[in-house]
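J.: Structure below; questions to follow.
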Number of protein chains: 2
Amino acid sequence: MTETPPRNRRRDAQQNREAILEAAARVLRGDPEASIDAIASAAGLSRRALYGHFPSREAILAELVARGTARIAAALSDVHDDDPARHVALIGTALWGEIAHVRLVAQMIVRGPLEGAVAAGLEPIRAALRDAVTRGGATGVFRSDVEPRIVVRLVEETAIAVLDEAVAEGLDDASARRLVVVAALGVAGLSWRDADEVAEAVDGDAR
Amino acid sequence: MTETPPRNRRRDAQQNREAILEAAARVLRGDPEASIDAIASAAGLSRRALYGHFPSREAILAELVARGTARIAAALSDVHDDDPARHVALIGTALWGEIAHVRLVAQMIVRGPLEGAVAAGLEPIRAALRDAVTRGGATGVFRSDVEPRIVVRLVEETAIAVLDEAVAEGLDDASARRLVVVAALGVAGLSWRDADEVAEAVDGDAR
DNA sequence: AATAACTTGCACACCGGTGTGCATGTTATT
DNA sequence: AATAACATGCACACCGGTGTGCAAGTTATT
């Protein structure tokens, strides 16, 4: 009985796997309900070949969500500021920096059975936001007339809506970032002049 | 040749037509992609009978959108205030009053081929909001650092997001109304204390 | 009581999508 | 050059949904 050395996976196969994920992200951003067929041909593969890399549609989505949340979490991990307003502003800025991933993940929040996975991956971010909102409420800078829990959700949903809007309007990078920050601070409780000031300051620092 | 007086539509048939629309609104609010089957049985009819009242799924949606936008437009037709902030607050209050219709219509804004019809039906409201936002921007009460057109969209989307959130949280009537008003004024540019004040005043008047 | 209006249930064709089996190529690796 | 890994294209079964035709029932109206 001769030895049968188990040959390694071919390198181009792994490349194709990446191509599929990249194509899926790109296509799904345009149409969240895109078919496997659309994804496969966008990746330059046949539908049949795709099933050699992923067992199901959901598996692709799961992978995308995992990577997306990881990316976002990484971008936000080193974001912190003692001033709650500045903290929120920094979060907004960071989110715009990862807009491609943010939009994809945001779509999954409501839909399908990925909901749980998404929520789990986003939890650290939510915790940070919750903290900032609570601190700001205590100071009186942010609104304290509404439960922090609710304010957090308000800020979250506003941010997502504005991010989408910024993309739809085709705003340039600077305007978009500012818009997101300013809107988030607005629902959090700041007047537009104060929000502007914070946005300005943070923008200067980040540059 | 004897006369053949064309007999009138039966009264119960018209009732069933209404039942279908009512059921559709109810079911679609829970699941925007509910099947015709689900709607029919929610209305207490067979799927086949439903097709005796509407030629297609889309026809039902079109009717719902038409009624919804009409209802909303009616509720907002007599809303006006010289003070832009109060005006926006009143719009928010009115929208919460028609929450059932608002949510249904809001879902259709993005989706399918109804988009155009929805936009048309909502145009008067948008015009009123645009007016208020522009006036507020000129006064300096609302933010003037962003194009009015964009501010309008921000307010719109925030309002929708908050309305959904209020429903999801199961807030009581008063809290929900206040939340919507306060969030809308927040993105428009008011500080949370100012927004609170306006909400309070308007709430008092409306009562 | 007659009759037209309406409802029902069944069958059917159609659509777009998913996931699998299989035979046949093509290409990277050894 | 041999061979295992991969890709392709086809067929297939399956699913859930839409819209129609038709025969047989039920019910409001006259």
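A note on labels: chains of the structure tokens are A, B, ... as shown, every chain counts residues from 1, and ligands are counted from 1 in their shown order.
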Excluding DA28 in chain D and any residue of its chain fewer than 6 positions from it, enumerate the residues within 9 Å of it, using only C-alpha atoms (C1' of nucleotides), and give them as a list of chain:residue names.

T.: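 So, after excluding close chain neighbours, the residues are B:Arg10, B:Arg11, B:Asp12, C:DA5, C:DC6.
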
J.: Tell me the residues of chain A close to chain C, meaning within 9 Å using only C-alpha atoms (C1' of nucleotides), as a PyMOL selection string.

T.: chain A and resi 7-8+10-12+35-36+51+55-57

J.: Export C-alpha atoms of the chosen residues as a compact mmCIF listing (two decimals), in the first residue's frame?

T.:
```txt
# COMPACT_ATOMS: atom_id res chain seq x y z
CA ARG A 7 -2.57 17.12 -1.46
CA ASN A 8 -3.09 20.68 -0.24
CA ARG A 10 -5.16 24.82 -4.39
CA ARG A 11 -4.20 28.42 -3.93
CA ASP A 12 -6.57 29.77 -6.56
CA SER A 35 -29.73 35.74 -5.63
CA ILE A 36 -26.86 33.30 -5.38
CA TYR A 51 -21.58 25.68 -3.74
CA PRO A 55 -22.89 25.11 1.62
CA SER A 56 -25.68 27.67 1.50
CA ARG A 57 -26.64 31.25 1.02
```

J.: Just need chain A moved onto chain B: least-squares over all Cα atoms matched in order, then output as an mmCIF file with C-alpha atoms, in the first residue's frame.

T.:
```
data_model
loop_
_atom_site.group_PDB
_atom_site.id
_atom_site.type_symbol
_atom_site.label_atom_id
_atom_site.label_comp_id
_atom_site.auth_asym_id
_atom_site.auth_seq_id
_atom_site.Cartn_x
_atom_site.Cartn_y
_atom_site.Cartn_z
ATOM 1 C CA MET A 1 -86.923 39.748 -25.413
ATOM 2 C CA THR A 2 -87.575 40.317 -21.753
ATOM 3 C CA GLU A 3 -85.765 43.007 -19.836
ATOM 4 C CA THR A 4 -82.759 41.952 -17.823
ATOM 5 C CA PRO A 5 -82.352 44.507 -15.060
ATOM 6 C CA PRO A 6 -78.668 44.358 -14.095
ATOM 7 C CA ARG A 7 -78.771 43.342 -10.494
ATOM 8 C CA ASN A 8 -76.746 45.422 -8.049
ATOM 9 C CA ARG A 9 -73.578 44.290 -6.324
ATOM 10 C CA ARG A 10 -74.329 42.462 -3.149
ATOM 11 C CA ARG A 11 -73.795 44.424 0.017
ATOM 12 C CA ASP A 12 -71.762 41.739 1.771
ATOM 13 C CA ALA A 13 -69.343 41.725 -1.124
ATOM 14 C CA GLN A 14 -68.399 45.304 -0.457
ATOM 15 C CA GLN A 15 -67.998 44.432 3.197
ATOM 16 C CA ASN A 16 -65.614 41.657 2.259
ATOM 17 C CA ARG A 17 -63.640 44.046 0.151
ATOM 18 C CA GLU A 18 -63.198 46.249 3.181
ATOM 19 C CA ALA A 19 -62.343 43.257 5.315
ATOM 20 C CA ILE A 20 -59.573 42.364 2.882
ATOM 21 C CA LEU A 21 -58.086 45.830 3.019
ATOM 22 C CA GLU A 22 -58.307 45.919 6.775
ATOM 23 C CA ALA A 23 -56.711 42.497 7.083
ATOM 24 C CA ALA A 24 -54.007 43.395 4.579
ATOM 25 C CA ALA A 25 -53.110 46.509 6.546
ATOM 26 C CA ARG A 26 -52.990 44.550 9.757
ATOM 27 C CA VAL A 27 -50.977 41.638 8.406
ATOM 28 C CA LEU A 28 -48.587 43.690 6.312
ATOM 29 C CA ARG A 29 -47.766 45.836 9.285
ATOM 30 C CA GLY A 30 -46.378 42.726 10.911
ATOM 31 C CA ASP A 31 -44.759 41.225 7.833
ATOM 32 C CA PRO A 32 -44.312 43.529 4.840
ATOM 33 C CA GLU A 33 -43.875 40.512 2.573
ATOM 34 C CA ALA A 34 -46.921 38.602 3.730
ATOM 35 C CA SER A 35 -48.452 36.361 1.070
ATOM 36 C CA ILE A 36 -51.871 36.776 -0.475
ATOM 37 C CA ASP A 37 -52.831 33.603 1.256
ATOM 38 C CA ALA A 38 -52.050 35.087 4.644
ATOM 39 C CA ILE A 39 -54.050 38.186 3.865
ATOM 40 C CA ALA A 40 -57.023 36.248 2.561
ATOM 41 C CA SER A 41 -57.331 33.982 5.551
ATOM 42 C CA ALA A 42 -56.797 36.901 7.903
ATOM 43 C CA ALA A 43 -59.810 38.423 6.205
ATOM 44 C CA GLY A 44 -61.772 35.218 6.613
ATOM 45 C CA LEU A 45 -61.849 34.523 2.898
ATOM 46 C CA SER A 46 -60.308 32.010 0.571
ATOM 47 C CA ARG A 47 -57.430 33.003 -1.616
ATOM 48 C CA ARG A 48 -59.558 32.417 -4.647
ATOM 49 C CA ALA A 49 -62.314 34.719 -3.444
ATOM 50 C CA LEU A 50 -59.816 37.489 -2.873
ATOM 51 C CA TYR A 51 -59.021 37.501 -6.567
ATOM 52 C CA GLY A 52 -62.655 38.321 -7.144
ATOM 53 C CA HIS A 53 -62.069 41.654 -5.437
ATOM 54 C CA PHE A 54 -58.560 42.544 -6.488
ATOM 55 C CA PRO A 55 -56.807 41.527 -9.690
ATOM 56 C CA SER A 56 -53.395 41.294 -8.072
ATOM 57 C CA ARG A 57 -51.347 41.741 -4.981
ATOM 58 C CA GLU A 58 -50.109 45.082 -6.189
ATOM 59 C CA ALA A 59 -53.651 46.378 -6.563
ATOM 60 C CA ILE A 60 -54.242 45.836 -2.862
ATOM 61 C CA LEU A 61 -51.051 47.639 -1.968
ATOM 62 C CA ALA A 62 -51.926 50.515 -4.269
ATOM 63 C CA GLU A 63 -55.298 50.916 -2.607
ATOM 64 C CA LEU A 64 -53.726 50.810 0.836
ATOM 65 C CA VAL A 65 -51.142 53.395 -0.082
ATOM 66 C CA ALA A 66 -53.783 55.663 -1.582
ATOM 67 C CA ARG A 67 -55.921 55.502 1.520
ATOM 68 C CA GLY A 68 -52.948 55.784 3.843
ATOM 69 C CA THR A 69 -51.477 58.859 2.227
ATOM 70 C CA ALA A 70 -54.934 60.440 2.060
ATOM 71 C CA ARG A 71 -55.462 59.815 5.740
ATOM 72 C CA ILE A 72 -52.086 61.227 6.666
ATOM 73 C CA ALA A 73 -52.479 64.220 4.406
ATOM 74 C CA ALA A 74 -55.866 64.934 5.950
ATOM 75 C CA ALA A 75 -54.446 64.743 9.454
ATOM 76 C CA LEU A 76 -51.752 67.220 8.510
ATOM 77 C CA SER A 77 -53.776 69.543 6.325
ATOM 78 C CA ASP A 78 -54.860 71.884 9.109
ATOM 79 C CA VAL A 79 -51.556 71.793 10.942
ATOM 80 C CA HIS A 80 -49.740 75.053 10.898
ATOM 81 C CA ASP A 81 -47.831 77.375 13.168
ATOM 82 C CA ASP A 82 -45.816 80.486 12.492
ATOM 83 C CA ASP A 83 -43.097 79.251 14.805
ATOM 84 C CA PRO A 84 -41.130 76.668 12.818
ATOM 85 C CA ALA A 85 -40.244 74.627 15.883
ATOM 86 C CA ARG A 86 -43.839 74.427 16.978
ATOM 87 C CA HIS A 87 -44.824 73.565 13.434
ATOM 88 C CA VAL A 88 -42.458 70.618 13.323
ATOM 89 C CA ALA A 89 -43.651 69.536 16.743
ATOM 90 C CA LEU A 90 -47.246 69.601 15.583
ATOM 91 C CA ILE A 91 -46.385 67.514 12.553
ATOM 92 C CA GLY A 92 -44.750 64.951 14.789
ATOM 93 C CA THR A 93 -47.777 64.828 17.039
ATOM 94 C CA ALA A 94 -50.131 64.416 14.124
ATOM 95 C CA LEU A 95 -48.013 61.621 12.689
ATOM 96 C CA TRP A 96 -48.161 59.680 15.911
ATOM 97 C CA GLY A 97 -51.915 60.044 15.824
ATOM 98 C CA GLU A 98 -51.954 58.228 12.493
ATOM 99 C CA ILE A 99 -49.218 55.803 13.394
ATOM 100 C CA ALA A 100 -50.960 52.742 11.978
ATOM 101 C CA HIS A 101 -51.180 54.296 8.526
ATOM 102 C CA VAL A 102 -47.811 55.963 8.769
ATOM 103 C CA ARG A 103 -45.959 52.734 9.356
ATOM 104 C CA LEU A 104 -47.646 51.023 6.473
ATOM 105 C CA VAL A 105 -46.907 53.817 4.056
ATOM 106 C CA ALA A 106 -43.376 54.250 5.337
ATOM 107 C CA GLN A 107 -42.607 50.647 4.457
ATOM 108 C CA MET A 108 -43.611 51.250 0.875
ATOM 109 C CA ILE A 109 -41.346 54.247 0.438
ATOM 110 C CA VAL A 110 -38.367 52.126 -0.455
ATOM 111 C CA ARG A 111 -39.931 49.000 -1.852
ATOM 112 C CA GLY A 112 -41.389 48.056 -5.154
ATOM 113 C CA PRO A 113 -43.138 49.997 -7.844
ATOM 114 C CA LEU A 114 -45.361 51.868 -5.427
ATOM 115 C CA GLU A 115 -42.490 54.173 -4.661
ATOM 116 C CA GLY A 116 -43.692 56.807 -7.066
ATOM 117 C CA ALA A 117 -47.269 56.808 -5.843
ATOM 118 C CA VAL A 118 -46.156 57.085 -2.252
ATOM 119 C CA ALA A 119 -43.839 59.959 -2.970
ATOM 120 C CA ALA A 120 -46.592 61.800 -4.807
ATOM 121 C CA GLY A 121 -49.083 61.309 -2.004
ATOM 122 C CA LEU A 122 -46.612 62.505 0.573
ATOM 123 C CA GLU A 123 -45.447 65.537 -1.350
ATOM 124 C CA PRO A 124 -47.680 68.111 0.372
ATOM 125 C CA ILE A 125 -46.360 67.021 3.731
ATOM 126 C CA ARG A 126 -42.811 67.277 2.526
ATOM 127 C CA ALA A 127 -43.484 70.739 1.209
ATOM 128 C CA ALA A 128 -44.802 71.871 4.570
ATOM 129 C CA LEU A 129 -41.808 70.408 6.336
ATOM 130 C CA ARG A 130 -39.448 71.976 3.837
ATOM 131 C CA ASP A 131 -41.036 75.320 4.482
ATOM 132 C CA ALA A 132 -40.745 75.018 8.246
ATOM 133 C CA VAL A 133 -37.131 73.886 8.035
ATOM 134 C CA THR A 134 -36.209 76.733 5.762
ATOM 135 C CA ARG A 135 -37.868 79.285 7.998
ATOM 136 C CA GLY A 136 -36.227 77.827 11.073
ATOM 137 C CA GLY A 137 -32.863 77.867 9.362
ATOM 138 C CA ALA A 138 -33.249 81.516 8.486
ATOM 139 C CA THR A 139 -34.035 82.380 12.099
ATOM 140 C CA GLY A 140 -31.128 80.389 13.413
ATOM 141 C CA VAL A 141 -33.348 78.157 15.506
ATOM 142 C CA PHE A 142 -32.811 75.207 13.194
ATOM 143 C CA ARG A 143 -29.464 74.268 11.767
ATOM 144 C CA SER A 144 -28.343 76.318 8.830
ATOM 145 C CA ASP A 145 -25.065 74.465 8.348
ATOM 146 C CA VAL A 146 -26.747 71.864 6.175
ATOM 147 C CA GLU A 147 -28.889 72.343 3.081
ATOM 148 C CA PRO A 148 -32.584 72.505 3.987
ATOM 149 C CA ARG A 149 -33.263 69.719 1.515
ATOM 150 C CA ILE A 150 -30.984 67.426 3.473
ATOM 151 C CA VAL A 151 -32.309 68.536 6.842
ATOM 152 C CA VAL A 152 -35.794 67.661 5.677
ATOM 153 C CA ARG A 153 -34.733 64.148 4.788
ATOM 154 C CA LEU A 154 -32.915 63.808 8.090
ATOM 155 C CA VAL A 155 -35.995 64.826 10.006
ATOM 156 C CA GLU A 156 -38.153 62.541 7.912
ATOM 157 C CA GLU A 157 -36.031 59.467 8.365
ATOM 158 C CA THR A 158 -35.458 60.130 12.019
ATOM 159 C CA ALA A 159 -39.166 60.489 12.552
ATOM 160 C CA ILE A 160 -39.881 57.177 10.849
ATOM 161 C CA ALA A 161 -37.153 55.407 12.776
ATOM 162 C CA VAL A 162 -38.408 56.810 16.053
ATOM 163 C CA LEU A 163 -42.013 55.986 15.283
ATOM 164 C CA ASP A 164 -41.000 52.402 14.674
ATOM 165 C CA GLU A 165 -38.950 52.390 17.802
ATOM 166 C CA ALA A 166 -41.813 53.746 19.866
ATOM 167 C CA VAL A 167 -44.056 50.980 18.609
ATOM 168 C CA ALA A 168 -41.410 48.333 19.219
ATOM 169 C CA GLU A 169 -40.842 49.563 22.757
ATOM 170 C CA GLY A 170 -44.557 49.614 23.392
ATOM 171 C CA LEU A 171 -44.436 53.121 24.786
ATOM 172 C CA ASP A 172 -47.593 54.706 26.048
ATOM 173 C CA ASP A 173 -49.260 57.332 23.944
ATOM 174 C CA ALA A 174 -47.891 60.394 25.688
ATOM 175 C CA SER A 175 -44.283 59.172 25.864
ATOM 176 C CA ALA A 176 -44.283 58.114 22.250
ATOM 177 C CA ARG A 177 -45.634 61.400 20.996
ATOM 178 C CA ARG A 178 -43.108 63.309 23.028
ATOM 179 C CA LEU A 179 -40.254 61.112 21.894
ATOM 180 C CA VAL A 180 -41.054 61.649 18.241
ATOM 181 C CA VAL A 181 -41.351 65.392 18.647
ATOM 182 C CA VAL A 182 -38.206 65.695 20.670
ATOM 183 C CA ALA A 183 -36.128 63.575 18.306
ATOM 184 C CA ALA A 184 -37.333 65.464 15.253
ATOM 185 C CA LEU A 185 -36.522 68.813 16.825
ATOM 186 C CA GLY A 186 -33.171 67.402 17.880
ATOM 187 C CA VAL A 187 -31.979 66.605 14.380
ATOM 188 C CA ALA A 188 -33.483 69.862 13.229
ATOM 189 C CA GLY A 189 -31.067 71.628 15.522
ATOM 190 C CA LEU A 190 -32.632 72.366 18.887
ATOM 191 C CA SER A 191 -30.921 71.537 22.143
ATOM 192 C CA TRP A 192 -32.763 68.970 24.176
ATOM 193 C CA ARG A 193 -33.874 71.551 26.703
ATOM 194 C CA ASP A 194 -35.341 73.793 24.023
ATOM 195 C CA ALA A 195 -36.940 70.811 22.328
ATOM 196 C CA ASP A 196 -38.445 69.776 25.610
ATOM 197 C CA GLU A 197 -39.879 73.203 26.136
ATOM 198 C CA VAL A 198 -41.509 73.262 22.728
ATOM 199 C CA ALA A 199 -42.852 69.745 23.173
ATOM 200 C CA GLU A 200 -44.321 70.742 26.501
ATOM 201 C CA ALA A 201 -45.998 73.826 25.112
ATOM 202 C CA VAL A 202 -47.437 72.067 22.084
ATOM 203 C CA ASP A 203 -48.625 69.184 24.174
ATOM 204 C CA GLY A 204 -50.446 71.572 26.453
ATOM 205 C CA ASP A 205 -52.156 73.240 23.513
ATOM 206 C CA ALA A 206 -53.120 70.009 21.845
ATOM 207 C CA ARG A 207 -54.735 68.700 24.980
#
```

J.: Pick out the chain D residues within 8 Å of chain B. Count only C-alpha atoms (C1' of nucleotides). Give them as number ranges by chain.

T.: D: 17, 19, 28-29

J.: Using only C-alpha atoms (C1' of nucleotides), please write the residues we just selected to a file, as an mmCIF file, in the first residue's frame.

T.:
```cif
data_model
loop_
_atom_site.group_PDB
_atom_site.id
_atom_site.type_symbol
_atom_site.label_atom_id
_atom_site.label_comp_id
_atom_site.auth_asym_id
_atom_site.auth_seq_id
_atom_site.Cartn_x
_atom_site.Cartn_y
_atom_site.Cartn_z
ATOM 1 C "C1'" DG D 17 -45.482 32.028 -4.150
ATOM 2 C "C1'" DG D 19 -52.675 34.134 -11.010
ATOM 3 C "C1'" DA D 28 -78.452 38.064 -0.819
ATOM 4 C "C1'" DT D 29 -81.682 40.201 -3.585
#
```

J.: Let's see if you can do this: from backbone DSSP, list all alpha helix (DSSP H) residues in range 19-161 of chain A, as number ranges by chain.

T.: A: 19-30, 36-42, 47-50, 57-77, 84-97, 99-110, 115-139, 148-161
